[in-house]
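query37.pdb (PDB, C-alpha atoms)
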```pdb
ATOM      1  CA  MET I 142     104.924 101.422  72.288
ATOM      2  CA  SER I 143     106.895 104.565  73.087
ATOM      3  CA  GLN I 144     110.503 104.402  74.244
ATOM      4  CA  ARG I 145     109.388 105.819  77.610
ATOM      5  CA  ALA I 146     106.859 102.987  78.036
ATOM      6  CA  ILE I 147     109.490 100.387  77.076
ATOM      7  CA  ASN I 148     111.930 101.838  79.599
ATOM      8  CA  ALA I 149     109.226 101.905  82.289
ATOM      9  CA  ALA I 150     108.405  98.240  81.716
ATOM     10  CA  LEU I 151     112.044  97.241  82.102
ATOM     11  CA  MET I 152     112.895  99.311  85.187
ATOM     12  CA  PRO I 153     111.878  98.695  88.812
ATOM     13  CA  ILE I 154     109.266 101.022  90.312
ATOM     14  CA  PRO I 155     110.957 104.034  91.957
ATOM     15  CA  VAL I 156     110.066 104.744  95.588
ATOM     16  CA  ILE I 157     111.020 108.053  97.210
ATOM     17  CA  LEU I 158     111.543 107.471 100.927
ATOM     18  CA  ASN I 159     111.536 110.129 103.612
ATOM     19  CA  PRO I 160     113.577 108.355 106.318
ATOM     20  CA  ALA I 161     112.390 110.842 108.966
ATOM     21  CA  ALA I 162     108.719 109.916 108.492
ATOM     22  CA  ARG I 163     107.195 108.703 111.759
ATOM     23  CA  SER I 164     110.321 106.969 113.038
ATOM     24  CA  THR I 165     114.061 107.365 113.409
ATOM     25  CA  LYS I 166     114.523 103.686 112.529
ATOM     26  CA  ALA I 167     115.331 104.547 108.932
ATOM     27  CA  ALA I 168     117.611 101.562 108.395
ATOM     28  CA  SER I 169     114.903  99.115 109.459
ATOM     29  CA  LEU I 170     112.312 100.826 107.254
ATOM     30  CA  GLU I 171     114.658 100.838 104.295
ATOM     31  CA  ASP I 172     115.311  97.128 104.803
ATOM     32  CA  THR I 173     111.554  96.419 104.858
ATOM     33  CA  LEU I 174     111.048  98.256 101.580
ATOM     34  CA  ARG I 175     113.958  96.516  99.899
ATOM     35  CA  LYS I 176     112.382  93.133 100.733
ATOM     36  CA  LEU I 177     109.160  93.969  98.884
ATOM     37  CA  SER I 178     108.362  92.005  95.763
ATOM     38  CA  PRO I 179     108.892  93.119  93.093
ATOM     39  CA  ALA I 180     111.857  94.967  94.565
ATOM     40  CA  PRO I 181     111.556  98.765  94.280
ATOM     41  CA  GLU I 182     114.250 101.244  93.332
ATOM     42  CA  LEU I 183     114.753 103.325  96.489
ATOM     43  CA  HIS I 184     115.609 107.024  96.454
ATOM     44  CA  MET I 185     116.295 108.565  99.896
ATOM     45  CA  THR I 186     115.558 112.224 100.622
ATOM     46  CA  LYS I 187     118.034 114.296 102.604
ATOM     47  CA  GLY I 188     116.102 117.487 103.250
ATOM     48  CA  PRO I 189     113.155 119.737 102.342
ATOM     49  CA  ALA I 190     112.166 119.808  98.636
ATOM     50  CA  ASP I 191     114.453 116.833  97.894
ATOM     51  CA  ALA I 192     111.451 114.664  97.100
ATOM     52  CA  THR I 193     110.159 117.199  94.563
ATOM     53  CA  ALA I 194     113.436 117.351  92.649
ATOM     54  CA  ILE I 195     113.850 113.568  92.682
ATOM     55  CA  ALA I 196     110.243 112.971  91.577
ATOM     56  CA  GLU I 197     110.456 115.466  88.725
ATOM     57  CA  GLU I 198     113.575 113.777  87.372
ATOM     58  CA  LEU I 199     112.130 110.258  87.768
ATOM     59  CA  ALA I 200     108.843 111.211  86.114
ATOM     60  CA  GLU I 201     110.680 111.929  82.873
ATOM     61  CA  ASN I 202     111.285 108.196  82.354
ATOM     62  CA  HIS I 203     108.826 106.366  84.639
ATOM     63  CA  GLU I 204     105.068 105.896  84.355
ATOM     64  CA  LEU I 205     104.748 105.532  88.143
ATOM     65  CA  VAL I 206     106.578 107.205  91.043
ATOM     66  CA  VAL I 207     105.788 106.182  94.633
ATOM     67  CA  SER I 208     105.945 108.338  97.764
ATOM     68  CA  ALA I 209     106.944 106.545 100.994
ATOM     69  CA  GLY I 210     106.268 108.812 103.967
ATOM     70  CA  GLY I 211     103.490 111.041 105.238
ATOM     71  CA  ASP I 212     101.204 113.512 103.506
ATOM     72  CA  GLY I 213     103.986 116.100 103.406
ATOM     73  CA  THR I 214     106.275 113.749 101.502
ATOM     74  CA  MET I 215     103.362 112.824  99.232
ATOM     75  CA  ASN I 216     102.771 116.474  98.380
ATOM     76  CA  GLU I 217     106.453 117.058  97.634
ATOM     77  CA  VAL I 218     106.456 114.060  95.283
ATOM     78  CA  LEU I 219     103.208 115.335  93.759
ATOM     79  CA  GLN I 220     104.831 118.696  92.910
ATOM     80  CA  GLY I 221     107.624 116.953  91.015
ATOM     81  CA  ILE I 222     105.346 114.567  89.121
ATOM     82  CA  CYS I 223     102.977 117.361  88.140
ATOM     83  CA  ARG I 224     105.775 119.639  86.938
ATOM     84  CA  ALA I 225     106.914 116.840  84.614
ATOM     85  CA  ASN I 226     103.351 116.072  83.503
ATOM     86  CA  ALA I 227     102.696 119.763  82.779
ATOM     87  CA  ARG I 228     105.427 119.651  80.124
ATOM     88  CA  ARG I 229     103.871 116.690  78.314
ATOM     89  CA  LYS I 230     102.206 117.045  74.936
ATOM     90  CA  PRO I 231      98.437 116.501  74.579
ATOM     91  CA  GLY I 232      97.690 112.777  74.521
ATOM     92  CA  GLU I 233     101.046 111.792  76.013
ATOM     93  CA  LYS I 234     100.712 109.438  78.981
ATOM     94  CA  HIS I 235     101.182 111.064  82.390
ATOM     95  CA  THR I 236     103.225 109.683  85.248
ATOM     96  CA  ALA I 237     101.037 108.289  88.022
ATOM     97  CA  LEU I 238     101.449 108.718  91.788
ATOM     98  CA  GLY I 239     101.635 105.798  94.210
ATOM     99  CA  VAL I 240     101.521 106.126  98.007
ATOM    100  CA  LEU I 241     103.064 104.029 100.770
ATOM    101  CA  PRO I 242     101.601 105.620 103.956
ATOM    102  CA  LEU I 243     104.329 105.859 106.599
ATOM    103  CA  GLY I 244     103.572 109.249 108.183
ATOM    104  CA  THR I 245     101.524 110.654 111.050
ATOM    105  CA  MET I 246      98.142 111.213 109.348
ATOM    106  CA  ASN I 247      98.226 109.694 105.828
ATOM    107  CA  VAL I 248      94.940 111.366 104.834
ATOM    108  CA  PHE I 249      95.332 110.828 101.088
ATOM    109  CA  SER I 250      95.894 107.084 101.523
ATOM    110  CA  VAL I 251      92.740 106.906 103.660
ATOM    111  CA  GLU I 252      90.803 108.609 100.872
ATOM    112  CA  LEU I 253      92.209 106.098  98.361
ATOM    113  CA  LYS I 254      91.149 103.239 100.689
ATOM    114  CA  LEU I 255      94.660 101.827 100.892
ATOM    115  CA  PRO I 256      95.191  99.194 103.614
ATOM    116  CA  GLY I 257      96.558 101.442 106.345
ATOM    117  CA  ARG I 258     100.138 100.871 107.423
ATOM    118  CA  ASP I 259     100.219  97.426 105.806
ATOM    119  CA  ILE I 260     103.225  98.151 103.596
ATOM    120  CA  GLU I 261     103.081  94.838 101.768
ATOM    121  CA  GLY I 262      99.331  95.215 101.182
ATOM    122  CA  CYS I 263      99.784  98.742  99.812
ATOM    123  CA  TRP I 264     102.646  97.588  97.606
ATOM    124  CA  ARG I 265     100.484  94.799  96.158
ATOM    125  CA  GLU I 266      97.831  97.353  95.214
ATOM    126  CA  ILE I 267     100.396  99.737  93.744
ATOM    127  CA  THR I 268     101.978  96.993  91.626
ATOM    128  CA  THR I 269      98.729  95.552  90.233
ATOM    129  CA  GLY I 270      98.926  98.097  87.447
ATOM    130  CA  GLN I 271      95.481  99.517  88.190
ATOM    131  CA  ARG I 272      95.196 103.259  87.673
ATOM    132  CA  ARG I 273      92.415 105.751  88.163
ATOM    133  CA  GLU I 274      92.180 109.497  87.830
ATOM    134  CA  VAL I 275      91.207 111.995  90.528
ATOM    135  CA  ASP I 276      90.695 115.734  90.448
ATOM    136  CA  LEU I 277      93.862 117.785  90.839
ATOM    137  CA  TRP I 278      93.947 121.358  92.135
ATOM    138  CA  MET I 279      96.261 124.332  92.347
ATOM    139  CA  ALA I 280      96.786 127.067  94.912
ATOM    140  CA  ASN I 281      98.617 129.783  92.997
ATOM    141  CA  ASP I 282     101.407 127.777  91.326
ATOM    142  CA  MET I 283     101.413 124.755  93.658
ATOM    143  CA  TYR I 284      99.449 121.508  93.342
ATOM    144  CA  PHE I 285      97.411 119.593  95.916
ATOM    145  CA  ALA I 286      95.397 116.377  95.791
ATOM    146  CA  GLN I 287      93.469 115.962  99.049
ATOM    147  CA  LEU I 288      93.088 119.049 101.226
ATOM    148  CA  ALA I 289      94.222 122.568 101.940
ATOM    149  CA  GLY I 290      93.812 125.103 104.681
ATOM    150  CA  VAL I 291      94.230 128.831 105.182
ATOM    151  CA  GLY I 292      94.581 130.248 108.685
ATOM    152  CA  LEU I 293      94.228 128.036 111.759
ATOM    153  CA  ASP I 294      95.145 124.601 110.464
ATOM    154  CA  ALA I 295      98.083 125.950 108.445
ATOM    155  CA  GLN I 296      99.289 127.735 111.587
ATOM    156  CA  ILE I 297      99.016 124.430 113.461
ATOM    157  CA  VAL I 298     101.085 122.671 110.784
ATOM    158  CA  GLN I 299     103.638 125.489 110.954
ATOM    159  CA  GLU I 300     104.023 125.172 114.714
ATOM    160  CA  THR I 301     104.037 121.355 115.011
ATOM    161  CA  SER I 302     107.644 120.223 114.959
ATOM    162  CA  TRP I 303     108.900 116.931 113.603
ATOM    163  CA  GLU I 304     110.126 116.076 117.117
ATOM    164  CA  ALA I 305     106.608 116.603 118.513
ATOM    165  CA  LYS I 306     105.049 114.429 115.805
ATOM    166  CA  LYS I 307     107.604 111.711 116.495
ATOM    167  CA  LYS I 308     106.903 111.795 120.243
ATOM    168  CA  TYR I 309     103.139 112.389 120.380
ATOM    169  CA  GLY I 310     101.833 111.369 116.936
ATOM    170  CA  PRO I 311      98.444 112.952 116.004
ATOM    171  CA  LEU I 312      98.158 114.413 119.534
ATOM    172  CA  SER I 313     100.969 116.827 118.627
ATOM    173  CA  TYR I 314      98.572 118.714 116.334
ATOM    174  CA  VAL I 315      96.020 119.064 119.132
ATOM    175  CA  MET I 316      98.707 120.482 121.418
ATOM    176  CA  SER I 317      99.662 123.062 118.787
ATOM    177  CA  ALA I 318      95.987 123.905 118.224
ATOM    178  CA  VAL I 319      95.552 124.851 121.877
ATOM    179  CA  ASN I 320      98.364 127.394 121.581
ATOM    180  CA  VAL I 321      97.082 128.822 118.283
ATOM    181  CA  LEU I 322      93.513 129.186 119.572
ATOM    182  CA  MET I 323      94.730 131.528 122.310
ATOM    183  CA  ARG I 324      95.655 134.206 119.743
ATOM    184  CA  THR I 325      93.534 136.665 117.785
ATOM    185  CA  PRO I 326      93.272 135.354 114.218
ATOM    186  CA  PRO I 327      93.412 137.486 111.050
ATOM    187  CA  THR I 328      90.230 138.018 109.021
ATOM    188  CA  LEU I 329      90.050 136.094 105.758
ATOM    189  CA  SER I 330      87.884 137.010 102.770
ATOM    190  CA  VAL I 331      86.735 134.238 100.424
ATOM    191  CA  GLN I 332      85.789 135.589  97.015
ATOM    192  CA  ILE I 333      83.716 133.466  94.623
ATOM    193  CA  GLU I 334      82.530 134.838  91.301
ATOM    194  CA  GLY I 335      78.915 135.930  91.463
ATOM    195  CA  LYS I 336      78.768 135.931  95.274
ATOM    196  CA  ALA I 337      79.361 138.524  97.963
ATOM    197  CA  PRO I 338      82.686 137.984  99.804
ATOM    198  CA  LEU I 339      82.462 135.567 102.740
ATOM    199  CA  LEU I 340      84.424 136.608 105.823
ATOM    200  CA  GLY I 341      85.937 134.189 108.296
ATOM    201  CA  THR I 342      89.004 133.279 110.286
ATOM    202  CA  VAL I 343      89.643 129.752 108.962
ATOM    203  CA  VAL I 344      89.125 128.198 105.536
ATOM    204  CA  LEU I 345      89.336 124.417 105.196
ATOM    205  CA  VAL I 346      89.364 122.967 101.686
ATOM    206  CA  GLY I 347      88.574 119.371 100.766
ATOM    207  CA  ASN I 348      88.983 117.467  97.497
ATOM    208  CA  GLY I 349      87.834 114.347  99.345
ATOM    209  CA  ARG I 350      85.816 113.598 102.453
ATOM    210  CA  HIS I 351      88.705 113.065 104.863
ATOM    211  CA  TYR I 352      90.646 115.618 106.872
ATOM    212  CA  GLY I 353      93.109 115.148 109.735
ATOM    213  CA  GLY I 354      93.256 111.367 109.325
ATOM    214  CA  PRO I 355      90.249 109.031 109.155
ATOM    215  CA  PHE I 356      87.701 111.778 109.900
ATOM    216  CA  PRO I 357      85.118 112.370 107.091
ATOM    217  CA  LEU I 358      84.800 116.102 107.722
ATOM    218  CA  PHE I 359      83.659 117.128 104.229
ATOM    219  CA  ARG I 360      80.342 115.299 104.098
ATOM    220  CA  ASP I 361      79.530 115.873 100.411
ATOM    221  CA  ALA I 362      83.042 115.895  98.952
ATOM    222  CA  SER I 363      84.252 113.744  96.069
ATOM    223  CA  ASN I 364      87.610 113.738  94.329
ATOM    224  CA  SER I 365      85.933 113.153  90.963
ATOM    225  CA  ASP I 366      83.166 115.816  90.840
ATOM    226  CA  GLY I 367      85.250 118.780  89.678
ATOM    227  CA  LYS I 368      84.490 120.738  92.845
ATOM    228  CA  LEU I 369      86.208 121.665  96.080
ATOM    229  CA  ASP I 370      84.309 121.661  99.373
ATOM    230  CA  LEU I 371      84.926 124.699 101.588
ATOM    231  CA  LEU I 372      84.331 125.081 105.304
ATOM    232  CA  ILE I 373      84.535 128.726 106.340
ATOM    233  CA  PHE I 374      84.615 129.490 110.069
ATOM    234  CA  ARG I 375      83.133 132.912 110.694
ATOM    235  CA  GLY I 376      84.965 133.234 113.993
ATOM    236  CA  LEU I 377      87.468 131.259 115.996
ATOM    237  CA  GLY I 378      85.755 130.781 119.334
ATOM    238  CA  GLY I 379      84.596 127.843 121.363
ATOM    239  CA  MET I 380      81.439 127.160 119.354
ATOM    240  CA  GLU I 381      83.338 127.024 116.063
ATOM    241  CA  PHE I 382      85.880 124.633 117.526
ATOM    242  CA  ILE I 383      83.087 122.450 118.927
ATOM    243  CA  GLN I 384      81.440 122.364 115.500
ATOM    244  CA  LEU I 385      84.744 121.308 113.931
ATOM    245  CA  LEU I 386      85.186 118.468 116.421
ATOM    246  CA  ARG I 387      81.539 117.470 116.005
ATOM    247  CA  GLY I 388      81.984 117.281 112.246
ATOM    248  CA  MET I 389      85.159 115.225 112.542
ATOM    249  CA  LEU I 390      83.649 112.740 114.989
ATOM    250  CA  LEU I 391      80.063 112.456 113.751
ATOM    251  CA  GLY I 392      80.420 111.924 110.020
ATOM    252  CA  GLY I 393      80.747 115.406 108.587
ATOM    253  CA  TYR I 394      79.801 119.047 108.922
ATOM    254  CA  GLN I 395      76.174 120.055 109.495
ATOM    255  CA  GLU I 396      74.835 123.488 108.529
ATOM    256  CA  CYS I 397      74.847 125.955 111.420
ATOM    257  CA  GLU I 398      75.124 129.656 112.146
ATOM    258  CA  TYR I 399      78.853 129.498 112.926
ATOM    259  CA  LEU I 400      80.100 127.924 109.692
ATOM    260  CA  ASP I 401      79.556 128.113 105.929
ATOM    261  CA  TYR I 402      79.801 125.016 103.726
ATOM    262  CA  ILE I 403      80.179 125.750  99.999
ATOM    263  CA  GLN I 404      81.102 123.755  96.902
ATOM    264  CA  THR I 405      82.897 125.592  94.111
ATOM    265  CA  SER I 406      85.543 125.050  91.464
ATOM    266  CA  GLU I 407      87.438 128.318  91.880
ATOM    267  CA  PHE I 408      87.864 130.942  94.609
ATOM    268  CA  THR I 409      90.355 133.415  96.046
ATOM    269  CA  VAL I 410      91.374 134.001  99.662
ATOM    270  CA  THR I 411      92.699 137.372 100.783
ATOM    271  CA  THR I 412      93.497 138.708 104.239
ATOM    272  CA  ASP I 413      93.633 141.984 106.118
ATOM    273  CA  HIS I 414      96.803 140.814 107.849
ATOM    274  CA  GLY I 415      99.342 140.982 105.014
ATOM    275  CA  GLU I 416     100.315 137.319 105.063
ATOM    276  CA  VAL I 417      98.561 134.221 106.336
ATOM    277  CA  PRO I 418      99.860 130.620 106.466
ATOM    278  CA  VAL I 419      98.623 128.099 103.880
ATOM    279  CA  GLU I 420      98.950 124.328 103.977
ATOM    280  CA  LEU I 421      98.508 121.899 101.089
ATOM    281  CA  ASP I 422      98.012 118.200 101.870
ATOM    282  CA  GLY I 423      99.301 118.852 105.389
ATOM    283  CA  GLU I 424     102.494 120.522 104.167
ATOM    284  CA  LEU I 425     103.158 124.210 104.811
ATOM    285  CA  ALA I 426     103.235 126.018 101.459
ATOM    286  CA  ASP I 427     105.309 129.084 100.633
ATOM    287  CA  LEU I 428     102.481 131.135  99.123
ATOM    288  CA  SER I 429     101.689 134.836  99.262
ATOM    289  CA  ALA I 430      98.183 136.278  99.492
ATOM    290  CA  PRO I 431      95.983 136.485  97.555
ATOM    291  CA  VAL I 432      95.768 132.715  97.137
ATOM    292  CA  VAL I 433      93.837 131.592  94.062
ATOM    293  CA  PHE I 434      92.416 128.058  94.191
ATOM    294  CA  ARG I 435      91.535 126.577  90.800
ATOM    295  CA  PRO I 436      91.541 123.289  88.856
ATOM    296  CA  ALA I 437      94.877 122.093  87.489
ATOM    297  CA  PRO I 438      94.993 121.849  83.668
ATOM    298  CA  PHE I 439      95.031 118.030  83.918
ATOM    299  CA  ARG I 440      93.841 115.326  86.341
ATOM    300  CA  LEU I 441      96.050 113.149  88.525
ATOM    301  CA  SER I 442      96.562 109.465  87.808
ATOM    302  CA  VAL I 443      96.937 107.429  90.994
ATOM    303  CA  SER I 444      97.846 103.810  91.581
ATOM    304  CA  ALA I 445      95.244 102.370  93.951
ATOM    305  CA  GLY I 446      92.958  99.387  94.287
TER     306      GLY I 446
END
```

Starting from the coordinates I provided, produce the structure as structure tokens.
Amino acid sequence: MSQRAINAALMPIPVILNPAARSTKAASLEDTLRKLSPAPELHMTKGPADATAIAEELAENHELVVSAGGDGTMNEVLQGICRANARRKPGEKHTALGVLPLGTMNVFSVELKLPGRDIEGCWREITTGQRREVDLWMANDMYFAQLAGVGLDAQIVQETSWEAKKKYGPLSYVMSAVNVLMRTPPTLSVQIEGKAPLLGTVVLVGNGRHYGGPFPLFRDASNSDGKLDLLIFRGLGGMEFIQLLRGMLLGGYQECEYLDYIQTSEFTVTTDHGEVPVELDGELADLSAPVVFRPAPFRLSVSAG
């Protein structure tokens, strides 16, 4: 057994907590986590990118690092874990990601079939020692595990404040969407090798079926098939928005004249507008166009039942 594995067996499981996730009652949430059995080792974030730095350092000596927060916190923790894993030698065991869903949407935990906001239930699954691998993706030099978006949904993420999420929950995103839909969107070009460029105003990307919470928008998606599922909106009018809502509420997208649904393992998004917002796992990403989506050089180990 390696020294890293020996150390991991002797140390408590580290949990990175975003105290701002969902509630201002950080002290109460911290107390709940400290009462879990076996007791975790808590690491509190203080600001943006804190979770990434903490996770990268912890991943050097732990075989599992757990994110406690929403999808944004999860993605920050993911960046840190993956940066550490990228430095590992071939055959060396990678650090796994665990998720305690405490945020507004928690899409990745839904995809993993974790027991909702049942913290003790999630902790039991995380601490069983079961691991499985899922596909891991990159957008330029950043990682994502569940979903991504270019255009509309990234703009919605950008304009939905933490205060609004705290007050209105998932409804806060709908409120932001109404404002964004009133503007003229930039044109996006999706370029896939061997195909003519596909033009649209919104590109939604799924590594799993779920998007925006419990909604199975990407009907054919799987996080173990080596492919991403793309929804490309050709415009941004009423019919496109209706088709999006229909897909979210009725079990997935259906082919129609307003949208394209494509599965691919690599593609590039460019824009005629200079810059366009990009979100990864519900977190606004600091990326410049063109944005190249491609498989990561390794898969992601997750702790889930």

Hey, what comes out of the PyMOL selection byres ((chain I and resi 178) around 10) on this file? Could you write it as an mmCIF file with C-alpha atoms, keeping the file's coordinate frame?
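And here's expr.cif as it stands now:
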```
data_model
loop_
_atom_site.group_PDB
_atom_site.id
_atom_site.type_symbol
_atom_site.label_atom_id
_atom_site.label_comp_id
_atom_site.auth_asym_id
_atom_site.auth_seq_id
_atom_site.Cartn_x
_atom_site.Cartn_y
_atom_site.Cartn_z
ATOM 1 C CA LEU I 174 111.048 98.256 101.580
ATOM 2 C CA ARG I 175 113.958 96.516 99.899
ATOM 3 C CA LYS I 176 112.382 93.133 100.733
ATOM 4 C CA LEU I 177 109.160 93.969 98.884
ATOM 5 C CA PRO I 179 108.892 93.119 93.093
ATOM 6 C CA ALA I 180 111.857 94.967 94.565
ATOM 7 C CA PRO I 181 111.556 98.765 94.280
ATOM 8 C CA GLU I 261 103.081 94.838 101.768
ATOM 9 C CA TRP I 264 102.646 97.588 97.606
ATOM 10 C CA ARG I 265 100.484 94.799 96.158
ATOM 11 C CA THR I 268 101.978 96.993 91.626
#
```

The PyMOL selection byres ((chain I and resi 258-260) around 7) applied to the shown file, residues as a VMD selection string: chain I and resid 241 to 243 256 to 257 261 to 264

Determine the residue membership of the PyMOL selection byres ((chain I and resi 214) around 9) for the file above and supply it as a ChimeraX atom specification. /I:157-159,162,190,192-193,208-213,215-219,244,424

Selection to disk with C-alpha atoms, as an mmCIF file, in the frame of the given file:
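Written out: result-v4.cif:
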```cif
data_model
loop_
_atom_site.group_PDB
_atom_site.id
_atom_site.type_symbol
_atom_site.label_atom_id
_atom_site.label_comp_id
_atom_site.auth_asym_id
_atom_site.auth_seq_id
_atom_site.Cartn_x
_atom_site.Cartn_y
_atom_site.Cartn_z
ATOM 1 C CA ILE I 157 111.020 108.053 97.210
ATOM 2 C CA LEU I 158 111.543 107.471 100.927
ATOM 3 C CA ASN I 159 111.536 110.129 103.612
ATOM 4 C CA ALA I 162 108.719 109.916 108.492
ATOM 5 C CA ALA I 190 112.166 119.808 98.636
ATOM 6 C CA ALA I 192 111.451 114.664 97.100
ATOM 7 C CA THR I 193 110.159 117.199 94.563
ATOM 8 C CA SER I 208 105.945 108.338 97.764
ATOM 9 C CA ALA I 209 106.944 106.545 100.994
ATOM 10 C CA GLY I 210 106.268 108.812 103.967
ATOM 11 C CA GLY I 211 103.490 111.041 105.238
ATOM 12 C CA ASP I 212 101.204 113.512 103.506
ATOM 13 C CA GLY I 213 103.986 116.100 103.406
ATOM 14 C CA MET I 215 103.362 112.824 99.232
ATOM 15 C CA ASN I 216 102.771 116.474 98.380
ATOM 16 C CA GLU I 217 106.453 117.058 97.634
ATOM 17 C CA VAL I 218 106.456 114.060 95.283
ATOM 18 C CA LEU I 219 103.208 115.335 93.759
ATOM 19 C CA GLY I 244 103.572 109.249 108.183
ATOM 20 C CA GLU I 424 102.494 120.522 104.167
#
```

Residues within 10 Å of Pro326 in chain I, please, as a list in words. Count all atoms listed in the file; anything in the same chain fewer than 6 positions from it doesn't count.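 These residues fall inside the cut-off: Gly292, Leu293, Gly341, Thr342, Val343, Gly376, Leu377, His414 and Val417 of chain I.
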
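With distances restricted to all atoms listed in the file, I:Ala200 is the closest residue to Pro155 in chain I from I:Leu421, I:Ala200, I:Leu170, I:Leu253.
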
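Of the residues under consideration (I:Ala337, I:Glu416, I:Leu441, I:Trp278), I:Trp278 shows the shortest atom-to-atom contact distance to Lys368 in chain I when counting all atoms listed in the file.
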
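If all atoms listed in the file are the atoms counted, then among I:Val410, I:Ile154, I:Ile222, I:Asn348 the closest residue to Pro436 in chain I is I:Asn348.
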
Leaving out Ser442 in chain I and any residue of its chain fewer than 5 positions from it, which residues lie within 8 Å of it when counting only C-alpha atoms, given as a count of residues only? 8

What is the distance, in Å and to one decimal place, between CA of Pro431 in chain I and CA of Thr411 in chain I? 4.7 Å

When you draw a straight line from CA of Leu288 in chain I to CA of Gly415 in chain I, how long is it in Å?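 Between CA of Leu288 in chain I and CA of Gly415 in chain I the gap works out to 23.1 Å.
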
Name the closest residue to Gly335 in chain I among the candidates I:Tyr399, I:Phe408, I:Phe249, I:Phe285; distances are taken between atoms, counting only C-alpha atoms.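 Of I:Tyr399, I:Phe408, I:Phe249, I:Phe285, the one nearest Gly335 in chain I, counting only C-alpha atoms, is I:Phe408.
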
Mind pulling up the distance from CA of Met283 in chain I to CA of Glu233 in chain I? 21.9 Å

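Excluding Ala295 in chain I itself and same-chain residues fewer than 3 positions from it, the residues having an atom within 7 Å of it are Gly290, Val291, Gly292, Val298, Gln299, Pro418, Val419, Glu420 and Leu425 of chain I, counting only C-alpha atoms.
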
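Using all atoms listed in the file, the nearest neighbour of Arg440 in chain I within the list I:Val346, I:Met279, I:Leu400, I:Met246 is I:Met279.
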
With distances taken over only C-alpha atoms, which of I:Lys187, I:Lys308, I:Lys254, I:Lys234 is nearest to His203 in chain I? I:Lys234
